[in-house]
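Below is the file data.cif, which contains mmCIF, C-alpha atoms and all ligand atoms.
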data_data
loop_
_atom_site.label_atom_id
_atom_site.label_comp_id
_atom_site.auth_asym_id
_atom_site.auth_seq_id
_atom_site.Cartn_x
_atom_site.Cartn_y
_atom_site.Cartn_z
CA MET A 1 143.61 82.92 73.87
CA SER A 2 140.23 81.24 73.67
CA LEU A 3 138.36 78.49 75.47
CA GLU A 4 137.34 76.72 72.24
CA ASN A 5 139.85 73.89 72.64
CA VAL A 6 139.95 73.66 76.41
CA THR A 7 138.71 70.31 77.69
CA ARG A 8 136.29 69.71 80.53
CA GLU A 9 139.16 68.27 82.59
CA GLU A 10 141.26 71.38 82.02
CA LEU A 11 138.35 73.62 83.05
CA GLN A 12 137.91 71.52 86.16
CA GLU A 13 141.62 71.83 86.97
CA ILE A 14 141.52 75.64 86.76
CA LEU A 15 138.34 75.82 88.85
CA ASP A 16 139.85 73.47 91.47
CA LEU A 17 142.93 75.67 91.66
CA ALA A 18 140.69 78.73 92.02
CA GLY A 19 138.94 76.91 94.87
CA ASP A 20 142.33 76.31 96.49
CA SER A 21 143.04 80.02 96.18
CA ALA A 22 139.69 81.03 97.67
CA GLY A 23 140.22 78.55 100.50
CA GLY A 24 143.63 80.03 101.33
CA ARG A 25 145.47 76.89 100.19
CA LEU A 26 147.78 78.66 97.71
CA GLU A 27 150.75 80.13 99.44
CA GLN A 28 152.19 83.15 97.63
CA PRO A 29 152.27 81.30 94.28
CA LEU A 30 153.64 84.32 92.43
CA GLU A 31 156.51 85.26 94.72
CA GLY A 32 159.47 86.40 92.63
CA LYS A 33 157.34 86.73 89.47
CA THR A 34 156.74 89.93 87.54
CA ILE A 35 153.26 90.51 86.14
CA CYS A 36 152.51 93.36 83.71
CA LEU A 37 148.91 94.55 83.54
CA ALA A 38 148.36 96.44 80.29
CA PHE A 39 144.80 97.73 80.16
CA PHE A 40 144.58 99.76 76.97
CA GLU A 41 140.77 99.84 77.20
CA PRO A 42 138.64 100.87 80.21
CA SER A 43 138.13 98.30 82.94
CA THR A 44 137.02 98.22 86.56
CA ARG A 45 136.45 94.67 87.79
CA THR A 46 138.82 92.84 85.44
CA SER A 47 141.78 95.15 86.08
CA ALA A 48 141.11 95.47 89.82
CA SER A 49 140.79 91.71 90.31
CA PHE A 50 143.88 90.90 88.26
CA GLU A 51 145.88 93.49 90.19
CA LEU A 52 144.65 92.28 93.59
CA ALA A 53 145.21 88.65 92.58
CA ALA A 54 148.77 89.33 91.44
CA ARG A 55 149.71 91.41 94.50
CA ARG A 56 148.15 89.07 97.04
CA ALA A 57 149.94 86.16 95.41
CA GLY A 58 153.25 87.94 95.96
CA ALA A 59 154.10 89.17 92.44
CA ASP A 60 155.81 92.40 91.46
CA VAL A 61 153.16 94.25 89.47
CA VAL A 62 153.54 96.84 86.72
CA SER A 63 150.28 98.51 85.65
CA LEU A 64 149.96 100.39 82.38
CA SER A 65 147.01 102.21 80.90
CA ARG A 66 146.76 103.59 77.40
CA GLU A 67 146.83 107.19 78.56
CA GLY A 68 149.72 106.59 80.96
CA SER A 69 151.92 104.77 78.46
CA SER A 70 153.96 105.71 75.41
CA ILE A 71 151.19 104.26 73.23
CA VAL A 72 149.75 107.79 73.20
CA LYS A 73 153.10 109.01 71.83
CA GLY A 74 152.66 106.64 68.93
CA GLU A 75 154.60 103.62 70.19
CA SER A 76 153.23 100.41 68.69
CA LEU A 77 151.71 97.53 70.62
CA VAL A 78 154.55 95.26 69.50
CA ASP A 79 157.26 97.68 70.68
CA THR A 80 155.42 98.06 73.99
CA VAL A 81 155.34 94.29 74.46
CA VAL A 82 159.03 93.93 73.54
CA THR A 83 159.91 96.67 76.06
CA LEU A 84 157.98 94.97 78.86
CA SER A 85 159.58 91.68 77.88
CA ASN A 86 163.05 93.19 78.19
CA LEU A 87 162.17 94.21 81.73
CA GLY A 88 161.76 90.52 82.53
CA MET A 89 158.01 90.08 82.87
CA ASP A 90 156.79 86.52 83.45
CA ALA A 91 153.21 87.20 82.41
CA LEU A 92 151.40 89.91 80.50
CA VAL A 93 147.71 90.55 81.09
CA ILE A 94 146.42 92.55 78.17
CA ARG A 95 143.15 94.28 77.29
CA HIS A 96 142.92 96.02 73.94
CA LYS A 97 140.21 97.35 71.66
CA ALA A 98 141.44 95.26 68.72
CA ALA A 99 140.41 91.61 68.38
CA GLY A 100 143.59 89.57 68.03
CA ALA A 101 145.76 91.95 70.10
CA ALA A 102 146.63 89.31 72.71
CA SER A 103 147.63 86.76 70.05
CA LEU A 104 149.78 89.38 68.38
CA ALA A 105 151.45 90.24 71.70
CA ALA A 106 152.17 86.55 72.33
CA ARG A 107 154.23 86.40 69.13
CA TYR A 108 156.69 88.97 70.51
CA THR A 109 157.36 87.74 74.03
CA GLU A 110 158.38 84.57 75.83
CA ALA A 111 156.18 85.62 78.75
CA ALA A 112 152.78 84.03 79.21
CA VAL A 113 150.08 86.25 77.71
CA ILE A 114 146.61 86.36 79.26
CA ASN A 115 143.82 87.87 77.21
CA ALA A 116 141.77 90.19 79.44
CA GLY A 117 139.46 91.15 76.56
CA ASP A 118 140.33 91.91 72.93
CA GLY A 119 137.73 94.02 71.12
CA CYS A 120 134.88 91.78 69.98
CA GLY A 121 137.19 88.74 70.25
CA GLN A 122 137.43 86.79 73.50
CA HIS A 123 137.37 87.27 77.25
CA PRO A 124 138.38 83.84 78.60
CA THR A 125 138.87 84.68 82.28
CA GLN A 126 135.35 86.12 82.39
CA ALA A 127 133.95 82.79 81.21
CA LEU A 128 136.08 80.92 83.75
CA LEU A 129 134.89 83.06 86.64
CA ASP A 130 131.31 82.63 85.43
CA LEU A 131 131.73 78.85 85.57
CA TYR A 132 133.24 79.18 89.03
CA ALA A 133 130.38 81.37 90.33
CA LEU A 134 127.79 79.02 88.81
CA SER A 135 129.49 75.91 90.23
CA GLU A 136 129.49 77.49 93.68
CA ALA A 137 125.80 78.42 93.39
CA LEU A 138 124.70 75.02 92.08
CA GLY A 139 126.80 72.82 94.34
CA GLY A 140 129.72 71.84 92.10
CA PHE A 141 130.98 71.82 88.51
CA ASP A 142 129.20 68.53 87.73
CA GLU A 143 125.87 70.21 88.56
CA LEU A 144 126.22 72.44 85.47
CA ALA A 145 125.67 69.59 83.00
CA GLY A 146 122.26 69.71 81.34
CA ARG A 147 121.37 73.21 82.62
CA LYS A 148 119.72 75.59 80.19
CA ALA A 149 121.34 79.01 79.78
CA ALA A 150 120.04 81.87 77.65
CA ILE A 151 122.58 84.48 76.53
CA VAL A 152 120.60 87.70 76.21
CA GLY A 153 121.41 90.94 74.44
CA ASP A 154 124.24 92.43 72.41
CA ILE A 155 125.94 89.22 71.29
CA LEU A 156 127.29 90.90 68.16
CA HIS A 157 129.76 93.09 70.06
CA SER A 158 130.37 90.74 72.96
CA ARG A 159 133.72 89.08 73.55
CA VAL A 160 132.15 87.74 76.74
CA ALA A 161 129.56 85.79 74.72
CA ARG A 162 132.28 84.39 72.43
CA SER A 163 134.07 82.96 75.48
CA VAL A 164 131.06 82.05 77.62
CA ILE A 165 129.25 80.04 74.92
CA PRO A 166 132.06 77.48 74.34
CA ALA A 167 132.79 77.36 78.09
CA PHE A 168 129.13 76.60 78.92
CA HIS A 169 129.07 73.93 76.19
CA THR A 170 132.20 72.27 77.53
CA ALA A 171 130.57 72.22 80.96
CA GLY A 172 127.69 70.29 79.36
CA MET A 173 125.15 73.11 79.40
CA GLU A 174 122.51 73.83 76.77
CA VAL A 175 122.79 77.35 75.35
CA ALA A 176 120.29 79.53 73.48
CA LEU A 177 120.67 83.06 72.12
CA VAL A 178 118.16 85.80 72.87
CA ALA A 179 118.69 88.87 70.70
CA PRO A 180 117.28 90.85 67.80
CA ASP A 181 118.83 89.92 64.42
CA THR A 182 120.67 93.23 64.41
CA LEU A 183 122.65 92.19 67.51
CA LEU A 184 123.60 88.70 66.34
CA PRO A 185 126.95 88.12 64.62
CA GLN A 186 126.86 86.61 61.14
CA GLU A 187 128.93 83.68 62.34
CA SER A 188 126.29 82.80 64.95
CA GLY A 189 124.40 80.90 62.22
CA ALA A 190 127.23 78.34 62.33
CA TRP A 191 126.91 77.95 66.10
CA ASN A 192 123.67 75.96 65.59
CA LEU A 193 121.92 77.43 68.62
CA SER A 194 118.24 78.23 69.08
CA VAL A 195 117.56 81.94 68.74
CA MET A 196 114.71 83.57 70.69
CA ASP A 197 113.28 87.04 70.45
CA SER A 198 112.47 87.90 74.07
CA VAL A 199 113.26 87.07 77.69
CA ASP A 200 109.71 85.69 77.97
CA ALA A 201 110.43 83.24 75.14
CA ALA A 202 113.65 82.15 76.92
CA LEU A 203 111.69 81.45 80.10
CA GLU A 204 109.13 79.44 78.13
CA TRP A 205 112.02 77.41 76.71
CA GLY A 206 112.94 76.64 80.32
CA ALA A 207 116.01 78.83 80.84
CA GLU A 208 117.49 78.30 84.30
CA ILE A 209 120.18 80.91 83.78
CA LEU A 210 119.67 84.29 82.10
CA TYR A 211 123.11 85.62 81.15
CA LEU A 212 122.63 89.30 80.27
CA LEU A 213 124.96 91.37 78.12
CA ARG A 214 125.40 95.13 78.04
CA LEU A 215 124.37 97.12 74.98
CA GLN A 216 127.94 97.98 73.96
CA LYS A 217 127.31 101.36 72.39
CA GLU A 218 131.01 102.20 72.16
CA ARG A 219 131.43 99.37 69.63
CA MET A 220 128.32 100.11 67.56
CA THR A 221 128.75 101.72 64.19
CA GLY A 222 125.08 102.69 63.83
CA ALA A 223 121.71 102.29 65.51
CA ARG A 224 121.15 98.58 66.19
CA VAL A 225 117.89 98.89 68.11
CA PRO A 226 114.96 101.23 67.40
CA SER A 227 115.22 102.70 70.90
CA VAL A 228 116.64 101.70 74.25
CA GLY A 229 113.11 101.58 75.69
CA GLU A 230 111.98 99.18 72.96
CA TYR A 231 115.03 96.99 73.57
CA ALA A 232 114.40 96.92 77.33
CA ARG A 233 110.80 95.82 76.75
CA TYR A 234 111.82 92.56 75.05
CA TYR A 235 115.37 91.92 76.27
CA GLY A 236 115.45 93.59 79.69
CA VAL A 237 114.94 91.59 82.88
CA ASN A 238 112.63 92.86 85.61
CA ARG A 239 111.03 91.45 88.77
CA SER A 240 108.17 89.85 86.85
CA HIS A 241 110.68 87.49 85.20
CA LEU A 242 112.07 86.16 88.47
CA ARG A 243 111.01 82.69 89.60
CA PRO A 244 112.34 80.08 92.01
CA GLY A 245 115.57 78.54 90.79
CA LEU A 246 116.22 81.12 88.06
CA LEU A 247 119.72 82.64 88.21
CA ILE A 248 120.62 86.03 86.73
CA MET A 249 124.17 86.68 85.52
CA HIS A 250 125.84 89.72 83.95
CA PRO A 251 129.58 90.37 83.46
CA GLY A 252 129.17 94.07 84.33
CA PRO A 253 129.22 96.97 83.91
CA VAL A 254 125.42 97.04 84.09
CA ASN A 255 123.22 99.57 82.30
CA ARG A 256 120.54 99.73 84.98
CA GLY A 257 117.09 100.03 83.47
CA VAL A 258 118.24 98.70 80.09
CA GLU A 259 119.27 95.03 80.32
CA ILE A 260 118.17 94.73 83.94
CA VAL A 261 116.18 96.87 86.36
CA GLY A 262 118.20 98.24 89.26
CA ASP A 263 116.86 96.28 92.22
CA VAL A 264 117.20 92.92 90.46
CA VAL A 265 121.00 93.44 90.30
CA LEU A 266 121.26 92.65 94.01
CA ASP A 267 118.27 90.30 94.30
CA GLY A 268 118.88 86.87 95.82
CA SER A 269 118.57 85.35 92.34
CA SER A 270 121.41 87.51 91.00
CA LEU A 271 124.90 86.01 90.77
CA ILE A 272 126.37 89.37 89.71
CA PRO A 273 128.16 90.02 93.06
CA ASN A 274 129.33 86.36 93.11
CA GLN A 275 130.77 86.75 89.61
CA VAL A 276 132.83 89.73 90.73
CA ALA A 277 134.09 87.90 93.81
CA ALA A 278 134.92 84.80 91.75
CA GLY A 279 137.21 86.96 89.61
CA LEU A 280 139.80 87.13 92.35
CA ALA A 281 140.08 83.38 92.91
CA VAL A 282 139.97 82.50 89.23
CA ARG A 283 142.50 85.12 88.17
CA THR A 284 144.87 84.04 90.93
CA ALA A 285 144.67 80.50 89.56
CA VAL A 286 145.13 81.62 85.95
CA LEU A 287 148.13 83.80 86.84
CA ALA A 288 149.71 80.98 88.84
CA LEU A 289 149.27 78.54 85.95
CA ALA A 290 150.45 81.07 83.37
CA ALA A 291 153.55 82.05 85.31
CA GLY A 292 154.39 78.38 85.88
CA ALA A 293 154.09 78.86 89.60
CA THR A 294 151.67 76.10 90.53
CA GLN A 295 154.36 73.83 91.95
CA LYS A 296 154.22 76.04 95.03
CA VAL A 297 150.63 75.04 95.65
CA ALA A 298 150.27 73.90 99.22
CA ALA A 299 148.53 70.54 99.64
C1 LIG B 301 132.93 93.09 79.86
C2 LIG B 301 134.05 93.49 78.94
O1 LIG B 301 134.75 94.47 79.15
O2 LIG B 301 134.21 92.75 77.99
N1 LIG B 301 133.08 93.42 81.18
C3 LIG B 301 133.95 92.77 82.00
O3 LIG B 301 135.08 92.52 81.67
N2 LIG B 301 133.48 92.40 83.20
C4 LIG B 301 131.60 93.31 79.30
C5 LIG B 301 131.20 94.68 78.84
O4 LIG B 301 132.01 95.56 78.65
O5 LIG B 301 129.99 94.86 78.65
#
Turn the structure described in the file into structure tokens.
Amino acid sequence: MSLENVTREELQEILDLAGDSAGGRLEQPLEGKTICLAFFEPSTRTSASFELAARRAGADVVSLSREGSSIVKGESLVDTVVTLSNLGMDALVIRHKAAGAASLAARYTEAAVINAGDGCGQHPTQALLDLYALSEALGGFDELAGRKAAIVGDILHSRVARSVIPAFHTAGMEVALVAPDTLLPQESGAWNLSVMDSVDAALEWGAEILYLLRLQKERMTGARVPSVGEYARYYGVNRSHLRPGLLIMHPGPVNRGVEIVGDVVLDGSSLIPNQVAAGLAVRTAVLALAAGATQKVAA
């Protein structure tokens, strides 16, 4: 459910398998398997890449959304999971607005459960695809060690940050947080990371990677920043921040003009398109491992 206890070797194994998938060296690893995609919260790239990954790998795929399922009739998450389990699913990919939803689901099914984002909890496959995209850009997983990454923005509401930070650490990277106090979680004090108050300060620190997070207004209970314009002034990235060797990352969806100005999204320094593309390879690997289908990996 989280990447906290995943070792460097295990990360490497998943990324290698993703590389095999991208290189066409996995032959229909999910043939005969049934994958349920239960996206009870909005999603574009995560749901689309999981679905493509599962179908291309030969699985039977069942896709459920909140609105299209009996959840809206009042059926519980547990009853939904038990129902899908009785249909013989081998793996459940679940996104839910409640932190802990994937762990709860895992208690009620023998199928492998993959957390595709649980509220402000975790988003492990996002962190894996970020490591994959970075490894590709920097010339290999070993090249990540010692790199400085600044995580910028709404860390408080970000499940992405809670998965990316331990994943970057395990890869040997140095991580700093860049956010106003109002967008830092209380527990971040225990993370023992440097905290900076602007993108400029992160660049002075020597950040080689700026990992931007969306202002997640749908999860905010009150105003957390004085104004969006004020936020963008200190925490938004624009052309003047770009410099040779600096890489820009963002899990998407992007609020253009808030955390990043529009034309920087597709600049040569931006890994945002690479992150999306990496999702397919990484999720194929994760599904194959989860469904116990890796023995079909072609040499
Ligand atoms: C993120 C998510 O849903 O957690 N997006 C994603 O999966 N690519 C980040 C976000 O919503 O801001």
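Based on only C-alpha atoms and all ligand atoms, the protein and nucleic acid residues found within 7 Å of ligand LIG 301 (chain B) are, by chain and then by number, A:Ser43, A:Arg45, A:Thr46, A:Gly117, A:His123, A:Gln126, A:Ser158, A:Arg159, A:Val160, A:Leu213, A:Arg214, A:Gln216, A:Pro251, A:Gly252, A:Pro253.
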Keeping only C-alpha atoms, take the residues you just selected and write them out as an mmCIF file, in the coordinates of the input.
data_model
loop_
_atom_site.group_PDB
_atom_site.id
_atom_site.type_symbol
_atom_site.label_atom_id
_atom_site.label_comp_id
_atom_site.auth_asym_id
_atom_site.auth_seq_id
_atom_site.Cartn_x
_atom_site.Cartn_y
_atom_site.Cartn_z
ATOM 1 C CA SER A 43 138.130 98.300 82.940
ATOM 2 C CA ARG A 45 136.450 94.670 87.790
ATOM 3 C CA THR A 46 138.820 92.840 85.440
ATOM 4 C CA GLY A 117 139.460 91.150 76.560
ATOM 5 C CA HIS A 123 137.370 87.270 77.250
ATOM 6 C CA GLN A 126 135.350 86.120 82.390
ATOM 7 C CA SER A 158 130.370 90.740 72.960
ATOM 8 C CA ARG A 159 133.720 89.080 73.550
ATOM 9 C CA VAL A 160 132.150 87.740 76.740
ATOM 10 C CA LEU A 213 124.960 91.370 78.120
ATOM 11 C CA ARG A 214 125.400 95.130 78.040
ATOM 12 C CA GLN A 216 127.940 97.980 73.960
ATOM 13 C CA PRO A 251 129.580 90.370 83.460
ATOM 14 C CA GLY A 252 129.170 94.070 84.330
ATOM 15 C CA PRO A 253 129.220 96.970 83.910
#
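Compared by their closest atoms to Val175 of chain A, and using only C-alpha atoms, the residues A:Arg66, A:Arg239, A:Arg224, A:Lys148 rank with A:Lys148 nearest.
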Review point. So how many Å separate atom CA of Glu143 of chain A and atom CA of Ala22 of chain A, to one decimal?
Key: 19.8 Å
Point to revise | Near-Arg107 of chain A list (10 Å; all atoms listed in the file; drop same-chain fewer than 3 positions) as a list in words | key: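 Within the cut-off, the hits are Val78, Val81, Val82, Ala102, Ser103, Leu104, Glu110, Ala111 and Val113 of chain A.
Between atom CA of Arg56 of chain A and atom CA of Leu92 of chain A there is a distance of 16.9 Å.
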Within 12 Å of segment 163-171 of chain A, which residues of segment 101-120 of chain A show up? Give each one with its shortest atom-to-atom distance in Å (one decimal) and the two atoms involved, counting all atoms listed in the file, rows by chain then rising residue number, as a tab-separated table.
residue	atom	partner	partner_atom	distance
A:Asn115	CA	A:Ser163	CA	11.1
A:Ala116	CA	A:Ser163	CA	11.3
A:Gly117	CA	A:Ser163	CA	9.9
A:Asp118	CA	A:Ser163	CA	11.2
A:Cys120	CA	A:Ser163	CA	10.4
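Each of A:Ala112, A:Lys73, A:Gly19, A:Leu131 was compared to Ser85 of chain A using all atoms listed in the file, and A:Ala112 turns out to be the nearest.
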Exercise for review: Using only C-alpha atoms, find the one residue out of A:Ala202, A:Val61, A:Val195, A:Ser2 that sits nearest to Gly121 of chain A.
Suggested key: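 Ranked by minimum distance to Gly121 of chain A, first place goes to A:Ser2.
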Point to revise | Spatial sel., origin (143.4, 83.0, 102.0), limit 12 Å, all atoms listed in the file, listed as a PyMOL selection string | key: chain A and resi 18-29+53+56-57+280-281+284+298
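With atom CA of Phe50 of chain A on one side and atom CA of Ile94 of chain A on the other, the separation reads 10.5 Å.
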Check your understanding: Pick from A:Leu3, A:Leu84, A:Leu15, A:Ala176: nearest to Ala38 of chain A, with all atoms listed in the file counted?
Key ->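 Looking only at the distances to Ala38 of chain A, the closest residue turns out to be A:Leu84.
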Would you be able to write out as an mmCIF file with C-alpha atoms, keeping the file's coordinate frame which residues have an atom within 6 Å of (134.6, 72.4, 83.8) in the file's coordinates, counting all atoms listed in the file?
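And here's result_33.cif as it stands now:
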data_model
loop_
_atom_site.group_PDB
_atom_site.id
_atom_site.type_symbol
_atom_site.label_atom_id
_atom_site.label_comp_id
_atom_site.auth_asym_id
_atom_site.auth_seq_id
_atom_site.Cartn_x
_atom_site.Cartn_y
_atom_site.Cartn_z
ATOM 1 C CA ARG A 8 136.290 69.710 80.530
ATOM 2 C CA LEU A 11 138.350 73.620 83.050
ATOM 3 C CA GLN A 12 137.910 71.520 86.160
ATOM 4 C CA PHE A 141 130.980 71.820 88.510
ATOM 5 C CA ALA A 171 130.570 72.220 80.960
#
Per-residue nearest contacts of segment 149-201 of chain A to segment 217-220 of chain A (10 Å; only C-alpha atoms) as a tab-separated table:
residue	atom	partner	partner_atom	distance
A:Asp154	CA	A:Lys217	CA	9.4
A:Leu156	CA	A:Met220	CA	9.3
A:His157	CA	A:Arg219	CA	6.5
A:Ser158	CA	A:Arg219	CA	9.3
A:Leu183	CA	A:Met220	CA	9.7
Would you kindly return, as a PDB file with C-alpha atoms, keeping the file's coordinate frame, each protein, DNA or RNA residue with an atom no farther than 8 Å from any atom of Ile248 of chain A, considering all atoms listed in the file and excluding same-chain residues fewer than 4 positions away?
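File written: out_9.pdb
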ATOM      1  CA  ILE A 209     120.180  80.910  83.780  1.00  0.00           C
ATOM      2  CA  LEU A 210     119.670  84.290  82.100  1.00  0.00           C
ATOM      3  CA  TYR A 211     123.110  85.620  81.150  1.00  0.00           C
ATOM      4  CA  LEU A 212     122.630  89.300  80.270  1.00  0.00           C
ATOM      5  CA  SER A 269     118.570  85.350  92.340  1.00  0.00           C
ATOM      6  CA  SER A 270     121.410  87.510  91.000  1.00  0.00           C
ATOM      7  CA  LEU A 271     124.900  86.010  90.770  1.00  0.00           C
ATOM      8  CA  ILE A 272     126.370  89.370  89.710  1.00  0.00           C
TER       9      ILE A 272
END
Study note, to complete from the structure: Closest of A:Glu9, A:Glu75, A:Glu259, A:Asp130 to Leu215 of chain A, counting all atoms listed in the file, is A:Glu259
Point to revise | Nearest residue to Tyr235 of chain A from the set A:Arg147, A:Met196, A:Asp142, A:Glu208 (distances using all atoms listed in the file) | key: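 When distances to Tyr235 of chain A are compared using all atoms listed in the file, the smallest one comes from A:Met196.
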Around all listed atoms of segment 131-137 of chain A, padded 8 Å per side, what centre and edge lengths does the axis-aligned box have in Å to one decimal, as JSON?
{"center_x": 129.5, "center_y": 78.6, "center_z": 89.6, "size_x": 23.4, "size_y": 21.5, "size_z": 24.1}
